[in-house]
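Peer 1: Can you keep this structure in mind? I'll have questions shortly.
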Amino acid sequence: MKQEQLGDRISKILYSEEQIERRVGALAEQIAGDYGDRGFAADSKGRPILLVGILRGALVFMSDLARRFPMPVEYDLISISSYGNGTAPGAVRLVKDLEKPIGGRDVLIIEDIIDTGFTIEYLKRSFAARNAASVRVCTLVDKTVRRETPVEIDYIGFTLEEDAFIVGYGMDYAELYRNLPFIGVLKPEFIR
């Protein structure tokens, strides 16, 4: 399947490649300012902030964001899955855990999109229980219309108030469309 064919399946572009690039740069500047000169940093050992990307969607965003930081950062990856088939709403399971210990570390969770809020709420509780020095959240897209549990999001790239199925820039449908350089609305006929 050619990228042109993938692009033809998009009904509209919500955020262009240029808009995303500008917003990622602004987020990196804001975060670096907040953690610089020990601002938000609570790690008593002075270690770099630990970026924790949520697989798979956040990979593109985290990579671009990390390259924009003027300060040292470390990163790790975690994979979370929502339970399906009639289990309790908000139930999540850990698929792949972190490889680095986070006790005493400043952790910044990086997510591509936050909708219901259950995953972020779960991770914040989990990381606090692991004695992280601080836990903050950065998302590229905050999809407020689908929020089911309140969560505090410290850094937001874009706020989406419509209930559209979006893809691109790491976000997928059936593992496709992650490689699109923009974020767009998938045409309904391509959603099964």
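Labeling convention for the structure tokens: chains A, B, ... as they appear, residues from 1 per chain, ligands from 1 in order of appearance.
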Tell me, as a ChimeraX atom specification, which residues lie within 12 Å of Ile191 in chain A, counting only C-alpha atoms; anything in the same chain fewer than 4 positions away does not count.
Peer 2: /A:9-10,164-167,172-174,176,185-187
Peer 1: Running DSSP on the backbone, which parts of range 110-191 of chain A land in helix (DSSP H, G or I), as a list in words?
Peer 2: Phe118, Thr119, Ile120, Glu121, Tyr122, Leu123, Lys124, Arg125, Ser126, Phe127, Ala128, Ala129, Thr144, Val145, Arg146, Pro188, Glu189 and Phe190 of chain A
Peer 1: Could you give me, as JSON lines, a per-residue list for range 45-75 of chain A showing, wherever an atom lies at most 10 Å from an atom of range 23-28 of chain A, the closest pair of atoms and their distance in Å to one decimal, using only C-alpha atoms and sorting by chain then residue number from low to high?
Peer 2:
{"residue": "A:Phe61", "atom": "CA", "partner": "A:Val24", "partner_atom": "CA", "distance": 7.8}
{"residue": "A:Met62", "atom": "CA", "partner": "A:Val24", "partner_atom": "CA", "distance": 9.4}
{"residue": "A:Asp64", "atom": "CA", "partner": "A:Val24", "partner_atom": "CA", "distance": 7.2}
{"residue": "A:Leu65", "atom": "CA", "partner": "A:Val24", "partner_atom": "CA", "distance": 5.9}
{"residue": "A:Ala66", "atom": "CA", "partner": "A:Ala28", "partner_atom": "CA", "distance": 7.6}
{"residue": "A:Arg67", "atom": "CA", "partner": "A:Ala28", "partner_atom": "CA", "distance": 8.8}
{"residue": "A:Arg68", "atom": "CA", "partner": "A:Ala28", "partner_atom": "CA", "distance": 5.9}
{"residue": "A:Phe69", "atom": "CA", "partner": "A:Ala28", "partner_atom": "CA", "distance": 5.6}
{"residue": "A:Pro70", "atom": "CA", "partner": "A:Ala28", "partner_atom": "CA", "distance": 8.5}
Peer 1: Applying 7 Å and only C-alpha atoms, which residues near Tyr169 in chain A remain after dropping the ones on its own chain fewer than 3 positions away? List them as a list in words.
Peer 2: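 That gives Val60, Arg178, Asn179, Leu180, Pro181, Phe182 and Ile183 of chain A.
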Peer 1: Give me, as a PyMOL selection string, all polymer residues having an atom no more than 6 Å from Gly57 in chain A, counting only C-alpha atoms and skipping those fewer than 3 positions away in the same chain.
Peer 2: chain A and resi 112+170-171
Peer 1: Could you please take those selected residues and save N, CA and C atoms as a compact mmCIF listing (two decimals), in the first residue's frame?
Peer 2:
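Result went into again-v2.txt, see below:
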# COMPACT_ATOMS: atom_id res chain seq x y z
N ASP A 112 0.59 9.74 22.92
CA ASP A 112 0.16 10.34 21.65
C ASP A 112 -1.21 10.99 21.80
N GLY A 170 2.15 8.54 14.28
CA GLY A 170 2.24 7.51 15.32
C GLY A 170 0.93 6.86 15.68
N MET A 171 -0.17 7.54 15.43
CA MET A 171 -1.48 7.00 15.77
C MET A 171 -1.99 6.12 14.63
Peer 1: If we count only C-alpha atoms, what is near Pro48 in chain A at a cut-off of 7 Å, once residues fewer than 4 positions away on the same chain are taken out, given as a count of residues only?
Peer 2: 3
Peer 1: My list of candidates is A:Phe118, A:Phe190, A:Tyr155, A:Tyr75. Which is closest to Gly53 in chain A when distances are computed with only C-alpha atoms?
Peer 2: A:Tyr75
Peer 1: DSSP on the backbone: which residues in range 48-138 of chain A end up as strand (DSSP E or B)? Give the answer as an MDAnalysis selection string.
Peer 2: chainID A and resid 49:54 73:82 92:96 106:114 134:138
Peer 1: Report, in Å to a single decimal, how far apart CA of Val107 in chain A and CA of Phe127 in chain A are.
Peer 2: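 Separating CA of Phe127 in chain A from CA of Val107 in chain A is a distance of 8.3 Å.
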Peer 1: Which residues come within 10 Å of Leu123 in chain A, counting only C-alpha atoms, excluding same-chain residues fewer than 6 positions away, as a list in words?
Peer 2: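 Using only C-alpha atoms, the neighbours found are Ile54, Ile78, Ile80, Val92, Leu94, Ile109, Ala129, Val135 and Val137 of chain A.
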Peer 1: Only N, CA and C atoms, please: the residues just picked out, written as a PDB file, in the first residue's frame.
Peer 2:
ATOM      1  N   ILE A  54       4.632   5.639  25.822  1.00  0.00           N
ATOM      2  CA  ILE A  54       3.662   4.552  25.822  1.00  0.00           C
ATOM      3  C   ILE A  54       3.608   3.976  24.411  1.00  0.00           C
ATOM      4  N   ILE A  78       6.991   1.712  27.775  1.00  0.00           N
ATOM      5  CA  ILE A  78       6.058   0.847  28.485  1.00  0.00           C
ATOM      6  C   ILE A  78       4.894   0.562  27.541  1.00  0.00           C
ATOM      7  N   ILE A  80       0.837  -0.704  27.566  1.00  0.00           N
ATOM      8  CA  ILE A  80      -0.368  -0.917  28.352  1.00  0.00           C
ATOM      9  C   ILE A  80      -1.481  -1.306  27.389  1.00  0.00           C
ATOM     10  N   VAL A  92      -7.046  -1.938  32.870  1.00  0.00           N
ATOM     11  CA  VAL A  92      -5.890  -1.978  31.972  1.00  0.00           C
ATOM     12  C   VAL A  92      -4.938  -3.054  32.457  1.00  0.00           C
ATOM     13  N   LEU A  94      -0.725  -4.409  32.108  1.00  0.00           N
ATOM     14  CA  LEU A  94       0.640  -4.091  31.732  1.00  0.00           C
ATOM     15  C   LEU A  94       1.130  -5.160  30.769  1.00  0.00           C
ATOM     16  N   ILE A 109       5.605  11.190  31.489  1.00  0.00           N
ATOM     17  CA  ILE A 109       4.906  10.226  30.643  1.00  0.00           C
ATOM     18  C   ILE A 109       4.590  10.908  29.314  1.00  0.00           C
ATOM     19  N   ALA A 129       3.448   4.768  43.209  1.00  0.00           N
ATOM     20  CA  ALA A 129       3.687   3.620  44.093  1.00  0.00           C
ATOM     21  C   ALA A 129       5.133   3.118  43.989  1.00  0.00           C
ATOM     22  N   VAL A 135       5.883  12.859  38.831  1.00  0.00           N
ATOM     23  CA  VAL A 135       5.277  12.261  37.642  1.00  0.00           C
ATOM     24  C   VAL A 135       4.424  13.334  36.974  1.00  0.00           C
ATOM     25  N   VAL A 137       2.673  14.523  32.910  1.00  0.00           N
ATOM     26  CA  VAL A 137       2.138  13.930  31.689  1.00  0.00           C
ATOM     27  C   VAL A 137       2.216  14.938  30.548  1.00  0.00           C
TER      28      VAL A 137
END
Peer 1: Which is closest to Asp154 in chain A among A:Gly168, A:Leu108, A:Val95, A:Met71, if we use only C-alpha atoms?
Peer 2: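 Of all the options, A:Leu108 lies closest to Asp154 in chain A.
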Peer 1: Would you mind telling me which residue in A:Asp115, A:Glu189, A:Val52, A:Ser126 lies nearest to Glu161 in chain A when using only C-alpha atoms?
Peer 2: A:Asp115
Peer 1: Residues within 8 Å of Arg146 in chain A, please, as a PyMOL selection string. Count only C-alpha atoms; anything in the same chain fewer than 2 positions from it doesn't count.
Peer 2: chain A and resi 115-116+143-144+148+163
Peer 1: Deliver the residues from the most recent selection as a file, using N, CA and C atoms, as a PDB file, in the first residue's frame.
Peer 2:
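Output file again34.pdb follows:
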ATOM      1  N   ASP A 115      -7.666   9.906  25.757  1.00  0.00           N
ATOM      2  CA  ASP A 115      -9.108  10.037  25.566  1.00  0.00           C
ATOM      3  C   ASP A 115      -9.854   9.748  26.864  1.00  0.00           C
ATOM      4  N   THR A 116     -10.082   8.490  27.223  1.00  0.00           N
ATOM      5  CA  THR A 116     -10.853   8.199  28.438  1.00  0.00           C
ATOM      6  C   THR A 116     -10.127   8.631  29.706  1.00  0.00           C
ATOM      7  N   LYS A 143      -8.016  14.425  23.809  1.00  0.00           N
ATOM      8  CA  LYS A 143      -9.350  14.229  23.232  1.00  0.00           C
ATOM      9  C   LYS A 143     -10.370  14.309  24.361  1.00  0.00           C
ATOM     10  N   THR A 144     -10.773  15.523  24.688  1.00  0.00           N
ATOM     11  CA  THR A 144     -11.579  15.785  25.873  1.00  0.00           C
ATOM     12  C   THR A 144     -12.984  15.200  25.799  1.00  0.00           C
ATOM     13  N   GLU A 148     -13.480   9.917  30.599  1.00  0.00           N
ATOM     14  CA  GLU A 148     -14.344   9.203  31.543  1.00  0.00           C
ATOM     15  C   GLU A 148     -13.845   9.304  32.972  1.00  0.00           C
ATOM     16  N   ASP A 163     -15.430  14.047  18.453  1.00  0.00           N
ATOM     17  CA  ASP A 163     -15.219  12.604  18.591  1.00  0.00           C
ATOM     18  C   ASP A 163     -14.895  12.001  17.230  1.00  0.00           C
TER      19      ASP A 163
END
Peer 1: Considering only C-alpha atoms, can you say which of A:Ile31, A:Arg56, A:Arg105, A:Leu50 comes closest to Cys138 in chain A?
Peer 2: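 That would be A:Ile31, the residue with the smallest distance to Cys138 in chain A.
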Peer 1: Using only C-alpha atoms for the distances, tell me which of A:Thr119, A:Arg130, A:Ser11, A:Asp106 is nearest to Ala91 in chain A.
Peer 2: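 Counting only C-alpha atoms, the residue closest to Ala91 in chain A is A:Thr119.
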